[in-house]
Every structure is written in C-alpha cells, then in structure tokens.
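Containing compact mmCIF, C-alpha atoms: protein-v8.txt.
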```txt
# COMPACT_ATOMS: atom_id res chain seq x y z
CA MET A 8 -29.16 25.38 32.80
CA ALA A 9 -26.92 22.28 32.76
CA LYS A 10 -28.93 20.86 29.84
CA LEU A 11 -28.43 24.05 27.87
CA VAL A 12 -24.66 23.95 28.46
CA ASP A 13 -24.53 20.27 27.43
CA LYS A 14 -26.47 21.03 24.24
CA ALA A 15 -24.13 23.93 23.44
CA LYS A 16 -21.08 21.70 23.98
CA GLY A 17 -22.59 19.03 21.74
CA PHE A 18 -23.37 21.60 19.03
CA VAL A 19 -19.86 23.05 19.07
CA ALA A 20 -18.24 19.59 19.12
CA ASP A 21 -20.39 18.52 16.15
CA LYS A 22 -19.47 21.64 14.14
CA ILE A 23 -15.76 21.30 14.89
CA ALA A 24 -15.80 17.61 13.92
CA LYS A 25 -17.11 18.59 10.47
CA VAL A 26 -14.48 21.31 9.88
CA GLU A 27 -12.07 20.36 7.12
CA LYS A 28 -8.61 19.73 8.55
CA PRO A 29 -5.14 19.55 7.02
CA GLU A 30 -4.03 16.09 5.89
CA ALA A 31 -0.46 14.88 6.31
CA GLU A 32 1.62 11.96 5.13
CA LEU A 33 5.03 10.85 6.35
CA ALA A 34 6.37 10.34 2.85
CA ASP A 35 9.98 9.24 3.20
CA VAL A 36 12.76 8.32 5.62
CA SER A 37 16.30 7.92 4.29
CA VAL A 38 19.93 8.19 5.38
CA GLY A 39 20.94 11.81 4.90
CA HIS A 40 24.49 12.15 6.24
CA VAL A 41 26.88 9.82 8.04
CA GLY A 42 29.81 11.26 9.96
CA ARG A 43 32.10 10.54 12.89
CA ASP A 44 29.57 11.75 15.46
CA GLY A 45 26.61 9.77 14.09
CA ALA A 46 24.10 9.87 11.29
CA THR A 47 21.35 12.22 10.25
CA LEU A 48 18.24 10.64 8.81
CA ALA A 49 16.14 12.75 6.48
CA SER A 50 12.40 12.36 6.88
CA ARG A 51 9.85 14.20 4.79
CA ILE A 52 6.28 15.17 5.67
CA ASP A 53 3.85 16.29 2.95
CA VAL A 54 0.94 18.34 4.36
CA ARG A 55 -2.12 19.44 2.36
CA ASN A 56 -3.69 22.69 3.55
CA PRO A 57 -7.38 22.94 2.50
CA TYR A 58 -7.74 26.57 3.63
CA SER A 59 -7.38 29.75 1.58
CA HIS A 60 -4.85 31.15 4.07
CA ALA A 61 -1.53 29.94 5.45
CA ILE A 62 -1.55 27.90 8.67
CA PRO A 63 1.31 28.21 11.15
CA VAL A 64 2.99 24.99 12.26
CA CYS A 65 3.60 25.19 16.02
CA GLU A 66 5.97 22.24 16.31
CA ILE A 67 6.93 18.84 14.99
CA SER A 68 7.69 16.12 17.52
CA TYR A 69 9.27 12.85 16.43
CA SER A 70 10.35 9.47 17.71
CA LEU A 71 12.36 6.88 15.77
CA ARG A 72 12.26 3.27 16.98
CA SER A 73 14.18 0.21 15.82
CA ALA A 74 14.50 -3.29 17.29
CA GLY A 75 12.08 -2.33 20.08
CA ARG A 76 14.26 0.58 21.21
CA GLU A 77 13.92 4.31 20.84
CA VAL A 78 16.80 5.44 18.62
CA ALA A 79 16.12 9.17 18.61
CA SER A 80 13.44 11.65 19.61
CA GLY A 81 13.02 15.37 19.68
CA LYS A 82 11.02 18.44 18.74
CA MET A 83 11.31 21.09 16.06
CA PRO A 84 9.71 24.30 17.32
CA ASP A 85 8.17 26.68 14.78
CA PRO A 86 9.21 24.97 11.51
CA GLY A 87 7.26 27.46 9.37
CA SER A 88 3.77 27.52 7.92
CA LEU A 89 1.62 25.61 5.45
CA THR A 90 0.99 27.30 2.12
CA ALA A 91 -2.67 28.12 1.39
CA LYS A 92 -4.57 25.63 -0.82
CA ASP A 93 -1.41 23.64 -1.55
CA THR A 94 0.79 20.79 -0.32
CA THR A 95 3.81 21.84 1.73
CA ARG A 96 6.88 19.65 2.21
CA LEU A 97 8.46 19.74 5.67
CA ASP A 98 11.89 18.17 6.20
CA VAL A 99 12.62 16.67 9.61
CA PRO A 100 16.29 15.84 10.29
CA VAL A 101 16.68 13.06 12.88
CA LYS A 102 20.11 12.75 14.52
CA VAL A 103 21.15 9.22 15.52
CA PRO A 104 24.15 9.03 17.92
CA TYR A 105 27.21 7.10 16.76
CA ASP A 106 27.14 4.55 19.60
CA PHE A 107 23.56 3.61 18.82
CA LEU A 108 24.33 3.52 15.10
CA VAL A 109 27.07 0.94 15.75
CA SER A 110 24.67 -1.31 17.68
CA LEU A 111 22.11 -0.98 14.87
CA VAL A 112 24.70 -1.97 12.26
CA ARG A 113 25.51 -5.09 14.29
CA ASP A 114 21.80 -5.96 14.27
CA ALA A 115 21.43 -5.22 10.54
CA GLY A 116 22.64 -8.64 9.48
CA SER A 117 23.48 -9.71 5.95
CA ASP A 118 20.75 -7.71 4.18
CA TRP A 119 22.31 -4.42 5.40
CA ASP A 120 19.02 -2.77 6.30
CA ILE A 121 17.27 -1.77 9.52
CA ASP A 122 13.58 -2.09 10.29
CA TYR A 123 12.24 1.14 11.74
CA GLU A 124 9.10 2.86 12.94
CA MET A 125 8.92 6.66 12.75
CA ARG A 126 6.25 8.48 14.77
CA VAL A 127 5.61 12.15 14.14
CA GLY A 128 3.22 14.62 15.74
CA LEU A 129 2.56 17.65 13.54
CA THR A 130 0.94 20.43 15.60
CA VAL A 131 -0.80 23.18 13.62
CA ASP A 132 -2.70 26.24 14.85
CA LEU A 133 -6.19 26.23 13.28
CA PRO A 134 -8.41 29.31 13.53
CA VAL A 135 -11.29 28.89 16.02
CA VAL A 136 -10.27 25.28 16.80
CA GLY A 137 -6.82 26.03 18.25
CA ASN A 138 -3.85 23.67 18.26
CA LEU A 139 -4.45 20.38 16.45
CA THR A 140 -1.89 17.56 16.42
CA LEU A 141 -1.88 15.23 13.43
CA PRO A 142 -0.34 11.87 14.42
CA LEU A 143 1.70 10.16 11.68
CA THR A 144 3.42 6.78 11.67
CA LYS A 145 5.56 5.07 9.05
CA SER A 146 7.29 1.70 9.24
CA GLY A 147 9.77 0.31 6.78
CA GLU A 148 13.30 -0.78 6.06
CA LEU A 149 16.14 1.69 5.97
CA LYS A 150 19.02 0.70 3.68
CA LEU A 151 22.35 1.48 5.29
CA PRO A 152 25.15 2.99 3.22
CA THR A 153 28.13 0.74 2.56
CA LEU A 154 31.58 1.66 3.86
CA SER A 155 32.72 2.48 0.34
CA SER A 156 29.94 5.06 -0.03
CA ILE A 157 30.97 6.77 3.24
CA PHE A 158 34.70 7.04 2.53
```

Reformat the file's structure so that it appears as structure tokens.
Amino acid sequence: MAKLVDKAKGFVADKIAKVEKPEAELADVSVGHVGRDGATLASRIDVRNPYSHAIPVCEISYSLRSAGREVASGKMPDPGSLTAKDTTRLDVPVKVPYDFLVSLVRDAGSDWDIDYEMRVGLTVDLPVVGNLTLPLTKSGELKLPTLSSIF
C-alpha cells in the first residue's frame, strides 16, 4: 500500500511540475513621491498569464534592502487578478520612512544614487495546484531626486 501511495505522489508531483505557470519580472523601481514624512518608491511587476482565464493574486510581499539593511517591507493583500492570456502590470508602492531616508542620503555620496535590492513574492491562486509564490529579485541603483526637484 505504501508503494502505491508513493507512486501516486510521484505521478502527481511530475504532472504538476509540467503545468505551465505564470512568469513574472520585477521591471522597475523608481522614486515616486518625496514628502515630509518620507518617500514612496514605485516598483512595477509585469506578470504573464498563460491561461485562458483570469488568475487571482492572493498577495504581494516585498522587502527593500540597501547598504545591508532592510529599508522597508510589507504586504499588499488582494491586489487584483491577472488578465487571461496577457501580461498584467502590478504597481507596488514601497514607503520609506523619513529618518531612514536621511541616513540613506548621507550614504549616497557624490554620485547621488543608492544601491538597492528589492525582493518580491507574488502569490497567485492556480486551479488544482493551489497557492504558488513566484520569487522575484532586482538589484540596481536608485537615482535620488535633487533638492531643486523636490521644492
């Protein structure tokens, strides 16, 4: 009986591994808004849905790191759904507190940019399979706005 169960598990795992899954790319991270209470970074995720029906997105979790420190993290519950047989753009606003923004600006140096790493977990609800989390990571340099562009 145990052999039969193991064979069934192997069969199901093999079939699920071959199921086409959505593909995602963390396309962009930029400075969205700077105010007295901090900054909002705008990150964009492009997700391709291979299915002929919409797929609900359960949540988006994110973590922004810079200079070896976590700058911001959070979750967006129920951000919508993925359009059938198309690429859907999801915007993820990341709020960076003012006090941390000031310490980042001090570390920015003369080139006026910040090295960052953005980690995103996009959790979708696939039929039969259940919840699937697509891990995404993007590293780069974030150009800071000058004081004249803020005021």

CA of Met83 (chain A) to CA of Glu32 (chain A), distance in Å rounded to a single decimal: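 Going from CA of Met83 (chain A) over to CA of Glu32 (chain A) covers 17.2 Å.
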
Which residue gives the smallest distance to Tyr105 (chain A) among A:Val78, A:Val135, A:Val64, A:Leu71, with only C-alpha atoms counted?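 Closest to Tyr105 (chain A) of all the choices is A:Val78.
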
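Considering all atoms listed in the file, the residue among A:Lys28, A:Lys14, A:Arg55, A:Arg72 positioned nearest to Leu89 (chain A) is A:Arg55.
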
Go through A:Met125, A:Ala34, A:Ala79, A:Ala91 one by one, measure the shortest atom-to-atom distance of each to Pro57 (chain A) using all atoms listed in the file, and give the residue with the smallest value.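 Selected residue with least distance to Pro57 (chain A): A:Ala91.
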
For region 141-146 of chain A, list every protein, DNA or RNA residue within 9 Å, evaluated using only C-alpha atoms, and leave out those in the same chain fewer than 4 positions away; present the list as a PyMOL selection string. chain A and resi 29-36+122-131

Selected residues written out with C-alpha atoms, as a short mmCIF file (atom, residue, chain, number, x, y, z; two decimals), keeping the file's coordinate frame:
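This went into out-v2.cif:
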```
data_model
loop_
_atom_site.label_atom_id
_atom_site.label_comp_id
_atom_site.auth_asym_id
_atom_site.auth_seq_id
_atom_site.Cartn_x
_atom_site.Cartn_y
_atom_site.Cartn_z
CA PRO A 29 -5.14 19.55 7.02
CA GLU A 30 -4.03 16.09 5.89
CA ALA A 31 -0.46 14.88 6.31
CA GLU A 32 1.62 11.96 5.13
CA LEU A 33 5.03 10.85 6.35
CA ALA A 34 6.37 10.34 2.85
CA ASP A 35 9.98 9.24 3.20
CA VAL A 36 12.76 8.32 5.62
CA ASP A 122 13.58 -2.09 10.29
CA TYR A 123 12.24 1.14 11.74
CA GLU A 124 9.10 2.86 12.94
CA MET A 125 8.92 6.66 12.75
CA ARG A 126 6.25 8.48 14.77
CA VAL A 127 5.61 12.15 14.14
CA GLY A 128 3.22 14.62 15.74
CA LEU A 129 2.56 17.65 13.54
CA THR A 130 0.94 20.43 15.60
CA VAL A 131 -0.80 23.18 13.62
#
```

Test item: residues at most 10 Å from Ala61 (chain A), all atoms listed in the file, excluding those fewer than 5 positions along its chain, as a list in words: Asn56, Gly87, Ser88, Leu89, Thr90, Ala91, Lys92, Asp93 and Leu133 of chain A

Could you please determine the separation between CA of Arg51 (chain A) and CA of Gly39 (chain A) in Å, to one decimal place?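 Between these atoms lies a distance of 11.3 Å.
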
Atomic distance CA of Ala49 (chain A) - CA of Asp98 (chain A), expressed in Å with one decimal: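 Separation between CA of Ala49 (chain A) and CA of Asp98 (chain A): 6.9 Å.
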